[in-house]
>>> print(open('work_26.txt').read())   # compact mmCIF, C-alpha atoms
# COMPACT_ATOMS: atom_id res chain seq x y z
CA MET R 7 12.88 -123.69 -121.00
CA THR R 8 14.52 -126.85 -122.34
CA THR R 9 12.56 -128.53 -125.16
CA LEU R 10 12.72 -131.73 -127.22
CA THR R 11 14.68 -129.75 -129.80
CA ASP R 12 17.44 -129.29 -127.22
CA LEU R 13 17.54 -133.01 -126.42
CA ALA R 14 17.87 -134.23 -130.02
CA PRO R 15 21.48 -133.11 -130.70
CA LEU R 16 22.60 -134.45 -127.31
CA ILE R 17 21.16 -137.88 -128.06
CA GLU R 18 22.78 -137.82 -131.52
CA ARG R 19 26.19 -136.89 -130.14
CA HIS R 20 26.17 -139.37 -127.28
CA TRP R 21 24.91 -142.14 -129.55
CA PHE R 22 27.99 -141.78 -131.73
CA ALA R 23 30.20 -141.59 -128.63
CA TYR R 24 28.77 -144.52 -126.64
CA GLY R 25 26.18 -146.40 -128.67
CA ARG R 26 23.05 -147.66 -126.92
CA GLU R 27 24.47 -148.13 -123.41
CA THR R 28 25.77 -144.98 -121.77
CA PRO R 29 28.16 -144.74 -118.80
CA ILE R 30 25.22 -143.70 -116.58
CA GLU R 31 23.68 -146.94 -115.34
CA GLY R 32 20.18 -147.49 -116.66
CA LEU R 33 20.32 -144.63 -119.18
CA LEU R 34 19.98 -145.98 -122.72
CA ILE R 35 19.73 -144.07 -125.99
CA THR R 36 18.49 -145.23 -129.38
CA ARG R 37 19.08 -143.84 -132.84
CA ALA R 38 17.89 -145.37 -136.13
CA GLU R 39 17.84 -144.02 -139.67
CA THR R 40 15.33 -146.54 -141.04
CA PRO R 41 12.25 -148.32 -139.67
CA SER R 42 13.17 -151.57 -137.96
CA GLY R 43 12.03 -155.13 -138.25
CA ILE R 44 10.50 -156.87 -135.25
CA ILE R 45 12.40 -156.20 -132.04
CA ARG R 46 11.87 -158.76 -129.28
CA ALA R 47 12.90 -157.51 -125.88
CA VAL R 48 12.31 -157.70 -122.16
CA TYR R 49 11.39 -154.25 -120.91
CA ARG R 50 12.39 -153.61 -117.31
CA PRO R 51 10.61 -151.03 -115.15
CA SER R 52 11.57 -147.96 -117.11
CA PHE R 53 10.53 -144.71 -118.71
CA CYS R 54 11.07 -144.04 -122.42
CA LEU R 55 10.75 -140.69 -124.21
CA VAL R 56 10.67 -140.46 -128.01
CA VAL R 57 12.34 -137.25 -129.11
CA GLN R 58 12.04 -137.83 -132.86
CA GLY R 59 10.31 -140.46 -135.01
CA ALA R 60 7.86 -143.10 -133.77
CA LYS R 61 7.75 -146.63 -132.36
CA THR R 62 5.08 -149.27 -131.73
CA THR R 63 5.26 -151.81 -128.90
CA MET R 64 2.98 -154.86 -128.68
CA LEU R 65 2.06 -156.62 -125.45
CA GLY R 66 -0.02 -159.59 -126.52
CA GLU R 67 -2.62 -158.16 -128.87
CA THR R 68 -2.50 -154.66 -127.39
CA ARG R 69 -0.65 -152.05 -129.45
CA TYR R 70 1.05 -148.99 -127.94
CA ARG R 71 2.17 -146.34 -130.41
CA TYR R 72 4.29 -143.45 -129.19
CA ALA R 73 5.81 -140.73 -131.34
CA ALA R 74 7.89 -137.59 -130.81
CA GLY R 75 6.90 -135.94 -127.56
CA GLN R 76 5.28 -139.06 -126.12
CA CYS R 77 6.39 -141.49 -123.41
CA LEU R 78 6.05 -145.16 -122.56
CA LEU R 79 6.21 -146.43 -118.99
CA ALA R 80 6.86 -150.12 -118.27
CA SER R 81 5.72 -150.94 -114.73
CA VAL R 82 7.11 -154.51 -114.55
CA ASP R 83 9.51 -156.73 -116.47
CA LEU R 84 7.71 -157.70 -119.70
CA PRO R 85 8.66 -159.61 -122.87
CA VAL R 86 7.34 -157.53 -125.76
CA THR R 87 7.66 -157.11 -129.51
CA ALA R 88 8.28 -153.69 -131.01
CA ARG R 89 9.05 -151.86 -134.24
CA ILE R 90 10.56 -148.47 -134.98
CA THR R 91 7.98 -147.20 -137.46
CA GLN R 92 9.20 -143.71 -138.36
CA ALA R 93 12.86 -142.98 -139.07
CA THR R 94 14.83 -141.47 -141.97
CA GLN R 95 18.41 -140.34 -142.58
CA GLU R 96 17.25 -136.73 -142.46
CA ALA R 97 15.13 -137.24 -139.33
CA PRO R 98 16.35 -140.37 -137.49
CA TYR R 99 14.43 -142.01 -134.69
CA LEU R 100 15.81 -140.66 -131.42
CA ALA R 101 14.79 -141.85 -127.97
CA LEU R 102 16.12 -142.29 -124.48
CA SER R 103 15.04 -144.65 -121.72
CA LEU R 104 15.79 -144.62 -118.02
CA ALA R 105 15.50 -147.57 -115.64
CA ILE R 106 13.32 -146.85 -112.60
CA ASP R 107 14.25 -148.09 -109.14
CA PRO R 108 11.08 -149.09 -107.22
CA ALA R 109 12.80 -148.13 -103.96
CA VAL R 110 13.13 -144.53 -105.17
CA VAL R 111 9.44 -144.49 -106.09
CA THR R 112 8.56 -145.75 -102.62
CA GLU R 113 10.66 -143.06 -100.95
CA LEU R 114 9.15 -140.26 -103.02
CA LEU R 115 5.60 -141.49 -102.51
CA ALA R 116 5.95 -140.53 -98.85
CA GLU R 117 6.08 -136.91 -100.04
CA LEU R 118 2.84 -137.19 -102.01
CA ALA R 119 -0.25 -136.69 -99.89
CA GLY R 120 -3.05 -139.07 -100.87
CA ALA R 121 -0.84 -141.34 -102.97
CA LEU R 122 -2.41 -144.40 -101.42
CA ALA R 123 -5.96 -143.20 -101.84
CA ASP R 124 -6.20 -142.98 -105.59
CA ALA R 125 -4.25 -146.02 -106.86
CA PRO R 126 -5.81 -146.87 -110.26
CA ALA R 127 -6.39 -150.11 -112.07
CA PHE R 128 -3.08 -151.74 -112.91
CA ALA R 129 -1.42 -150.97 -116.24
CA ALA R 130 1.73 -152.91 -117.22
CA LEU R 131 2.45 -150.47 -120.06
CA SER R 132 1.20 -146.89 -120.22
CA THR R 133 1.68 -144.08 -122.74
CA ALA R 134 1.18 -140.34 -122.40
CA ASP R 135 2.31 -137.01 -123.81
CA HIS R 136 5.51 -135.90 -122.14
CA ASP R 137 5.53 -133.26 -119.42
CA PRO R 138 7.65 -130.32 -120.73
CA ALA R 139 9.08 -129.99 -117.20
CA LEU R 140 10.88 -133.31 -117.77
CA CYS R 141 13.07 -131.90 -120.53
CA ASP R 142 15.28 -129.85 -118.21
CA PRO R 143 16.35 -132.69 -115.86
CA LEU R 144 16.71 -135.04 -118.86
CA LYS R 145 19.06 -132.54 -120.50
CA ARG R 146 21.06 -132.24 -117.28
CA LEU R 147 21.33 -136.02 -117.09
CA LEU R 148 22.59 -136.19 -120.68
CA ASP R 149 25.02 -133.33 -119.99
CA LEU R 150 26.52 -135.36 -117.13
CA LEU R 151 27.83 -137.84 -119.71
CA ASP R 152 30.43 -135.16 -120.45
CA ALA R 153 31.37 -134.89 -116.77
CA PRO R 154 31.97 -138.41 -115.38
CA ARG R 155 33.26 -137.16 -112.03
CA ASP R 156 30.18 -135.01 -111.47
CA ALA R 157 27.90 -137.81 -112.70
CA GLN R 158 28.85 -140.07 -109.78
CA VAL R 159 27.33 -137.58 -107.34
CA LEU R 160 24.73 -135.70 -109.37
CA ALA R 161 23.19 -138.40 -111.59
CA PRO R 162 21.30 -140.09 -108.70
CA LEU R 163 19.88 -136.69 -107.69
CA VAL R 164 18.75 -135.88 -111.22
CA ARG R 165 17.20 -139.33 -111.58
CA ARG R 166 15.19 -138.75 -108.40
CA GLU R 167 13.98 -135.44 -109.82
CA ILE R 168 12.87 -137.21 -113.01
CA VAL R 169 10.92 -139.80 -111.01
CA TRP R 170 9.37 -137.00 -108.96
CA ARG R 171 8.25 -135.21 -112.13
CA LEU R 172 6.80 -138.44 -113.49
CA LEU R 173 4.87 -139.09 -110.28
CA GLY R 174 3.18 -135.72 -110.62
CA GLY R 175 2.29 -136.15 -114.29
CA ALA R 176 0.03 -138.24 -116.49
CA LEU R 177 2.10 -141.39 -115.92
CA GLY R 178 2.08 -140.89 -112.14
CA PRO R 179 -0.84 -143.24 -111.36
CA ALA R 180 0.85 -146.17 -113.15
CA LEU R 181 4.26 -145.31 -111.70
CA ARG R 182 2.92 -145.19 -108.13
CA GLN R 183 2.01 -148.85 -108.29
CA ILE R 184 5.69 -149.75 -108.70
CA GLY R 185 6.39 -148.31 -105.26
CA LEU R 186 3.34 -149.55 -103.37
CA ALA R 187 4.18 -152.96 -101.90
CA ASP R 188 0.65 -154.37 -101.82
CA THR R 189 -0.51 -153.50 -105.34
CA HIS R 190 -0.86 -156.20 -107.97
CA ALA R 191 1.77 -154.30 -109.97
CA ALA R 192 4.38 -154.64 -107.25
CA ARG R 193 3.51 -158.28 -106.50
CA ILE R 194 3.58 -159.45 -110.12
CA GLY R 195 6.65 -157.26 -110.64
CA ARG R 196 8.51 -159.23 -107.96
CA ALA R 197 7.65 -162.45 -109.80
CA THR R 198 8.63 -161.22 -113.27
CA ALA R 199 11.90 -159.81 -111.94
CA HIS R 200 12.66 -163.17 -110.28
CA ILE R 201 12.02 -165.04 -113.54
CA ARG R 202 14.22 -162.58 -115.43
CA ASP R 203 17.09 -163.03 -112.97
CA HIS R 204 16.71 -166.84 -112.68
CA TYR R 205 15.47 -167.74 -116.17
CA ALA R 206 17.77 -170.77 -116.49
CA GLU R 207 16.52 -172.41 -113.29
CA THR R 208 13.61 -174.82 -112.86
CA LEU R 209 10.42 -172.82 -112.37
CA ARG R 210 7.99 -173.63 -109.53
CA VAL R 211 4.78 -171.64 -109.80
CA ALA R 212 4.02 -172.21 -106.11
CA ASP R 213 7.29 -170.45 -105.20
CA LEU R 214 6.44 -167.51 -107.46
CA ALA R 215 2.96 -167.26 -105.95
CA ALA R 216 4.50 -167.19 -102.46
CA LEU R 217 6.92 -164.47 -103.60
CA ALA R 218 3.93 -162.46 -104.80
CA SER R 219 1.96 -163.20 -101.59
CA MET R 220 -0.88 -164.72 -103.60
CA SER R 221 -2.64 -168.05 -103.84
CA VAL R 222 -1.57 -170.16 -106.82
CA PRO R 223 -4.90 -169.70 -108.69
CA GLY R 224 -4.92 -165.97 -107.96
CA PHE R 225 -1.30 -165.64 -109.03
CA HIS R 226 -1.97 -167.44 -112.34
CA ARG R 227 -4.93 -165.17 -113.03
CA HIS R 228 -3.17 -161.90 -112.24
CA PHE R 229 0.08 -162.93 -113.93
CA LYS R 230 -1.69 -163.67 -117.21
CA THR R 231 -3.75 -160.47 -116.98
CA VAL R 232 -0.59 -158.40 -116.64
CA THR R 233 1.78 -160.19 -119.01
CA THR R 234 -0.73 -161.88 -121.40
CA MET R 235 1.11 -165.19 -120.84
CA THR R 236 1.59 -167.89 -118.22
CA PRO R 237 4.71 -167.94 -116.01
CA VAL R 238 6.11 -170.85 -118.05
CA GLN R 239 5.53 -168.99 -121.33
CA PHE R 240 7.10 -165.87 -119.82
CA GLN R 241 10.21 -167.83 -118.78
CA LYS R 242 10.48 -169.35 -122.25
CA GLN R 243 10.40 -165.91 -123.88
CA VAL R 244 13.15 -164.65 -121.59
CA ARG R 245 15.27 -167.78 -122.17
CA LEU R 246 14.99 -167.56 -125.95
CA GLN R 247 15.73 -163.85 -126.10
CA GLU R 248 18.84 -164.39 -123.99
CA ALA R 249 19.78 -167.32 -126.24
CA ARG R 250 19.53 -165.10 -129.31
CA ARG R 251 21.75 -162.47 -127.72
CA ARG R 252 24.41 -165.08 -126.97
CA LEU R 253 24.19 -166.64 -130.41
CA ILE R 254 24.66 -163.26 -132.09
CA ALA R 255 27.90 -163.00 -130.09
CA ALA R 256 28.96 -166.23 -131.88
CA GLU R 257 28.56 -168.66 -128.98
CA GLU R 258 28.02 -172.31 -129.97
CA VAL R 259 24.39 -173.43 -130.30
CA ALA R 260 24.51 -176.43 -127.97
CA ARG R 261 26.33 -174.50 -125.26
CA VAL R 262 23.79 -171.69 -125.44
CA GLY R 263 20.83 -174.07 -125.26
CA PHE R 264 22.11 -175.68 -122.08
CA ALA R 265 23.20 -172.33 -120.61
CA VAL R 266 19.70 -170.83 -120.83
CA GLY R 267 18.12 -173.83 -119.12
CA TYR R 268 17.13 -176.33 -121.82
CA GLU R 269 17.82 -180.00 -121.17
CA SER R 270 16.98 -181.04 -124.76
CA LEU R 271 18.69 -179.39 -127.72
CA SER R 272 15.94 -180.54 -130.06
CA GLN R 273 13.34 -178.80 -127.87
CA PHE R 274 15.54 -175.69 -127.78
CA SER R 275 15.72 -175.64 -131.58
CA ARG R 276 11.96 -176.15 -131.94
CA ASP R 277 11.08 -173.39 -129.50
CA TYR R 278 13.65 -171.04 -131.01
CA ARG R 279 12.40 -171.60 -134.55
CA ARG R 280 8.79 -171.13 -133.44
CA LEU R 281 9.62 -167.71 -131.94
CA PHE R 282 12.19 -166.36 -134.40
CA GLY R 283 11.24 -168.17 -137.61
CA ALA R 284 14.57 -169.93 -138.23
CA PRO R 285 16.84 -172.47 -136.48
CA PRO R 286 19.26 -170.97 -133.92
CA GLY R 287 22.47 -171.19 -135.93
CA ARG R 288 20.96 -169.93 -139.18
CA ASP R 289 19.11 -167.07 -137.49
CA ALA R 290 22.20 -165.84 -135.63
CA ALA R 291 24.39 -166.11 -138.74
CA ALA R 292 21.90 -164.04 -140.74
CA ILE R 293 21.84 -161.31 -138.11
CA ARG R 294 25.63 -161.23 -137.84
CA ALA R 295 25.88 -160.96 -141.63
CA GLN R 296 23.68 -157.88 -141.54
CA LEU R 297 25.77 -156.41 -138.69
CA ALA R 298 22.53 -155.28 -137.09
CA PRO R 299 21.82 -156.97 -133.74
CA GLU R 300 18.46 -155.88 -132.46
CA PRO R 301 18.32 -153.53 -129.46
CA ALA R 302 17.16 -154.91 -126.13
CA LEU R 303 15.27 -152.01 -124.60
CA PRO R 304 13.14 -149.07 -125.67
>>> encode(input="work_26.txt", output="structure tokens")
Amino acid sequence: MTTLTDLAPLIERHWFAYGRETPIEGLLITRAETPSGIIRAVYRPSFCLVVQGAKTTMLGETRYRYAAGQCLLASVDLPVTARITQATQEAPYLALSLAIDPAVVTELLAELAGALADAPAFAALSTADHDPALCDPLKRLLDLLDAPRDAQVLAPLVRREIVWRLLGGALGPALRQIGLADTHAARIGRATAHIRDHYAETLRVADLAALASMSVPGFHRHFKTVTTMTPVQFQKQVRLQEARRRLIAAEEVARVGFAVGYESLSQFSRDYRRLFGAPPGRDAAAIRAQLAPEPALP
């Protein structure tokens, strides 16, 4: 049986070959030899497995710690802060994450008798010990990075198997809500995904509530329960994180501010400094000098 020990050298090798983003869409790998500073990111619906080391993710005031052999599931798009807390040169932090397509979850739910009957309370982030049965399909997915031609046909099949295994395990109840159209998870997920994709546009809460099939007061209440912030605060987080990514790539501050949706550069600078602790230009220059841009996903 495949174990975490079998996954570690594959993650190491592919990290040095590809870096964080692999040729298989939605499959990301992370390797770090030292604990990290604060990582600000927008997690998409995804599954993360820590193979070695440990990491802590914060959603509002709630802390989620997951170490080797444990998983994190993000059910909707969420701005979070995180830190890699355990990593050394001898035993680096190693993890992989896989984006989850809600449509695949919906299709597979049809095969699960009683899936609609036991939907639990909504959880935007969930952690659990990994199911050992996941290691084999995860290894096969990593192996496909060495066979690009095969990956085009086989990777979608292996990804479906991984989702199927997750649905039957400890993270299944939270994952099911991604695929059930009328759950709060799916409704708020539609809104957060829309904000993520249209972060630079003017936000109308009434439009988001309609997208989620909720009244405006109900939408506000459920949105804040799930994300710990208002829709406007959520949009601001996404805008500023995208701004930081562009600034690290050496784009000009004013151009970036306007590109992410700000009409006032002074307001952009104030909001940026409030979130990241330094003005845009200075913060980006410091990160570039360290040659260590922060990763975007678990």
>>> atom_distance(input="work_26.txt", atom1="CA of Arg251 (chain R)", atom2="CA of Ala161 (chain R)")
29.0 Å
>>> atom_distance(input="work_26.txt", atom1="CA of Leu79 (chain R)", atom2="CA of Ser132 (chain R)")
5.2 Å
>>> residues_around(input="work_26.txt", residues="region 110-116 of chain R", least_positions_apart="6", cutoff="10 Å", atoms="all atoms listed in the file", output="PyMOL selection string")
chain R and resi 122+162+165-167+169-170+172-173+181-187
>>> residues_around(input="work_26.txt", residues="Glu39 (chain R)", least_positions_apart="4", cutoff="9 Å", atoms="all atoms listed in the file", output="list in words")
Gln92, Ala93, Thr94, Gln95, Glu96, Ala97, Pro98 and Tyr99 of chain R
>>> atom_distance(input="work_26.txt", atom1="CA of Arg252 (chain R)", atom2="CA of Arg37 (chain R)")
22.7 Å
>>> axis_aligned_box(input="work_26.txt", around="region 143-147 of chain R", padding_each_side="3 Å", output="lines of an AutoDock Vina configuration file")
center_x = 18.8
center_y = -134.1
center_z = -118.2
size_x = 11.0
size_y = 9.8
size_z = 10.6
>>> closest_residue(input="work_26.txt", among="R:Arg196, R:Arg288, R:His20, R:Lys242", to="Glu258 (chain R)", atoms="only C-alpha atoms")
R:Arg288
>>> residues_around(input="work_26.txt", residues="Leu209 (chain R)", least_positions_apart="5", cutoff="10 Å", atoms="all atoms listed in the file", output="list in words")
Ile201, His204, Leu214, Pro237, Val238 and Gln241 of chain R
>>> residues_around(input="work_26.txt", residues="Leu65 (chain R)", least_positions_apart="5", cutoff="12 Å", atoms="all atoms listed in the file", output="NGL selection string")
:R and (46-49 or 70-71 or 80 or 83-88 or 129-132 or 230-235 or 240)
>>> closest_residue(input="work_26.txt", among="R:Arg50, R:His228, R:Arg210, R:Arg280", to="Gly32 (chain R)", atoms="only C-alpha atoms")
R:Arg50
>>> closest_residue(input="work_26.txt", among="R:Pro29, R:Gly66, R:Gly75, R:Gly224", to="His190 (chain R)", atoms="only C-alpha atoms")
R:Gly224
>>> closest_residue(input="work_26.txt", among="R:Glu257, R:Glu269, R:Asp137, R:Asp107", to="Glu207 (chain R)", atoms="all atoms listed in the file")
R:Glu269
>>> closest_residue(input="work_26.txt", among="R:Thr11, R:Ser103, R:Ser270, R:Ser52", to="Thr36 (chain R)", atoms="only C-alpha atoms")
R:Ser103
>>> closest_residue(input="work_26.txt", among="R:Leu281, R:Leu78, R:Ala206, R:Ala290", to="Gly263 (chain R)", atoms="all atoms listed in the file")
R:Ala206
>>> residues_around(input="work_26.txt", residues="Pro285 (chain R)", least_positions_apart="5", cutoff="8 Å", atoms="only C-alpha atoms", output="tab-separated table (two decimals) with C-alpha atoms, in the coordinates of the input")
chain	number	residue	atom	x	y	z
R	275	SER	CA	15.72	-175.64	-131.58
R	276	ARG	CA	11.96	-176.15	-131.94
R	278	TYR	CA	13.65	-171.04	-131.01
R	279	ARG	CA	12.40	-171.60	-134.55
>>> residues_near_point(input="work_26.txt", point="(17.6, -142.2, -129.0)", cutoff="6 Å", atoms="all atoms listed in the file", output="PyMOL selection string")
chain R and resi 17+35-37+100-102
>>> write_last_selection(input="work_26.txt", atoms="C-alpha atoms", output="mmCIF file, in the coordinates of the input")
data_model
loop_
_atom_site.group_PDB
_atom_site.id
_atom_site.type_symbol
_atom_site.label_atom_id
_atom_site.label_comp_id
_atom_site.auth_asym_id
_atom_site.auth_seq_id
_atom_site.Cartn_x
_atom_site.Cartn_y
_atom_site.Cartn_z
ATOM 1 C CA ILE R 17 21.160 -137.880 -128.060
ATOM 2 C CA ILE R 35 19.730 -144.070 -125.990
ATOM 3 C CA THR R 36 18.490 -145.230 -129.380
ATOM 4 C CA ARG R 37 19.080 -143.840 -132.840
ATOM 5 C CA LEU R 100 15.810 -140.660 -131.420
ATOM 6 C CA ALA R 101 14.790 -141.850 -127.970
ATOM 7 C CA LEU R 102 16.120 -142.290 -124.480
#
>>> decode(input="work_26.txt", residues="region 210-260 of chain R", atoms="C-alpha atoms", output="PDB file, in the first residue's frame")
ATOM      1  CA  ARG R 210     -23.537  45.454  -5.474  1.00  0.00           C
ATOM      2  CA  VAL R 211     -24.581  43.362  -2.496  1.00  0.00           C
ATOM      3  CA  ALA R 212     -28.110  43.008  -3.874  1.00  0.00           C
ATOM      4  CA  ASP R 213     -26.693  41.314  -6.989  1.00  0.00           C
ATOM      5  CA  LEU R 214     -24.632  38.930  -4.860  1.00  0.00           C
ATOM      6  CA  ALA R 215     -27.665  38.095  -2.727  1.00  0.00           C
ATOM      7  CA  ALA R 216     -29.646  37.318  -5.888  1.00  0.00           C
ATOM      8  CA  LEU R 217     -26.797  35.114  -7.125  1.00  0.00           C
ATOM      9  CA  ALA R 218     -26.959  33.235  -3.830  1.00  0.00           C
ATOM     10  CA  SER R 219     -30.793  33.072  -3.947  1.00  0.00           C
ATOM     11  CA  MET R 220     -31.039  34.824  -0.578  1.00  0.00           C
ATOM     12  CA  SER R 221     -32.568  37.987   0.798  1.00  0.00           C
ATOM     13  CA  VAL R 222     -30.057  40.802   1.351  1.00  0.00           C
ATOM     14  CA  PRO R 223     -30.222  40.559   5.184  1.00  0.00           C
ATOM     15  CA  GLY R 224     -29.957  36.763   5.069  1.00  0.00           C
ATOM     16  CA  PHE R 225     -27.072  36.949   2.624  1.00  0.00           C
ATOM     17  CA  HIS R 226     -25.169  39.409   4.836  1.00  0.00           C
ATOM     18  CA  ARG R 227     -25.663  37.170   7.855  1.00  0.00           C
ATOM     19  CA  HIS R 228     -24.603  33.930   6.170  1.00  0.00           C
ATOM     20  CA  PHE R 229     -21.722  35.547   4.275  1.00  0.00           C
ATOM     21  CA  LYS R 230     -20.188  36.903   7.473  1.00  0.00           C
ATOM     22  CA  THR R 231     -20.737  33.610   9.303  1.00  0.00           C
ATOM     23  CA  VAL R 232     -18.834  31.739   6.599  1.00  0.00           C
ATOM     24  CA  THR R 233     -16.057  34.192   5.760  1.00  0.00           C
ATOM     25  CA  THR R 234     -15.857  36.214   9.036  1.00  0.00           C
ATOM     26  CA  MET R 235     -16.091  39.416   6.965  1.00  0.00           C
ATOM     27  CA  THR R 236     -18.585  41.464   4.964  1.00  0.00           C
ATOM     28  CA  PRO R 237     -18.722  41.208   1.150  1.00  0.00           C
ATOM     29  CA  VAL R 238     -16.986  44.602   0.866  1.00  0.00           C
ATOM     30  CA  GLN R 239     -14.208  43.528   3.243  1.00  0.00           C
ATOM     31  CA  PHE R 240     -13.861  40.260   1.327  1.00  0.00           C
ATOM     32  CA  GLN R 241     -13.494  42.126  -1.973  1.00  0.00           C
ATOM     33  CA  LYS R 242     -10.889  44.430  -0.447  1.00  0.00           C
ATOM     34  CA  GLN R 243      -8.807  41.461   0.734  1.00  0.00           C
ATOM     35  CA  VAL R 244      -8.902  39.897  -2.731  1.00  0.00           C
ATOM     36  CA  ARG R 245      -8.018  43.213  -4.410  1.00  0.00           C
ATOM     37  CA  LEU R 246      -5.056  43.861  -2.133  1.00  0.00           C
ATOM     38  CA  GLN R 247      -3.670  40.351  -2.426  1.00  0.00           C
ATOM     39  CA  GLU R 248      -3.843  40.596  -6.207  1.00  0.00           C
ATOM     40  CA  ALA R 249      -2.189  44.024  -5.995  1.00  0.00           C
ATOM     41  CA  ARG R 250       0.679  42.572  -3.980  1.00  0.00           C
ATOM     42  CA  ARG R 251       1.197  39.799  -6.520  1.00  0.00           C
ATOM     43  CA  ARG R 252       1.401  42.342  -9.340  1.00  0.00           C
ATOM     44  CA  LEU R 253       3.718  44.638  -7.412  1.00  0.00           C
ATOM     45  CA  ILE R 254       6.120  41.788  -6.678  1.00  0.00           C
ATOM     46  CA  ALA R 255       6.295  41.290 -10.452  1.00  0.00           C
ATOM     47  CA  ALA R 256       7.565  44.912 -10.606  1.00  0.00           C
ATOM     48  CA  GLU R 257       4.437  46.569 -11.999  1.00  0.00           C
ATOM     49  CA  GLU R 258       4.096  50.307 -11.268  1.00  0.00           C
ATOM     50  CA  VAL R 259       2.156  51.214  -8.113  1.00  0.00           C
ATOM     51  CA  ALA R 260      -0.368  53.589  -9.672  1.00  0.00           C
TER      52      ALA R 260
END
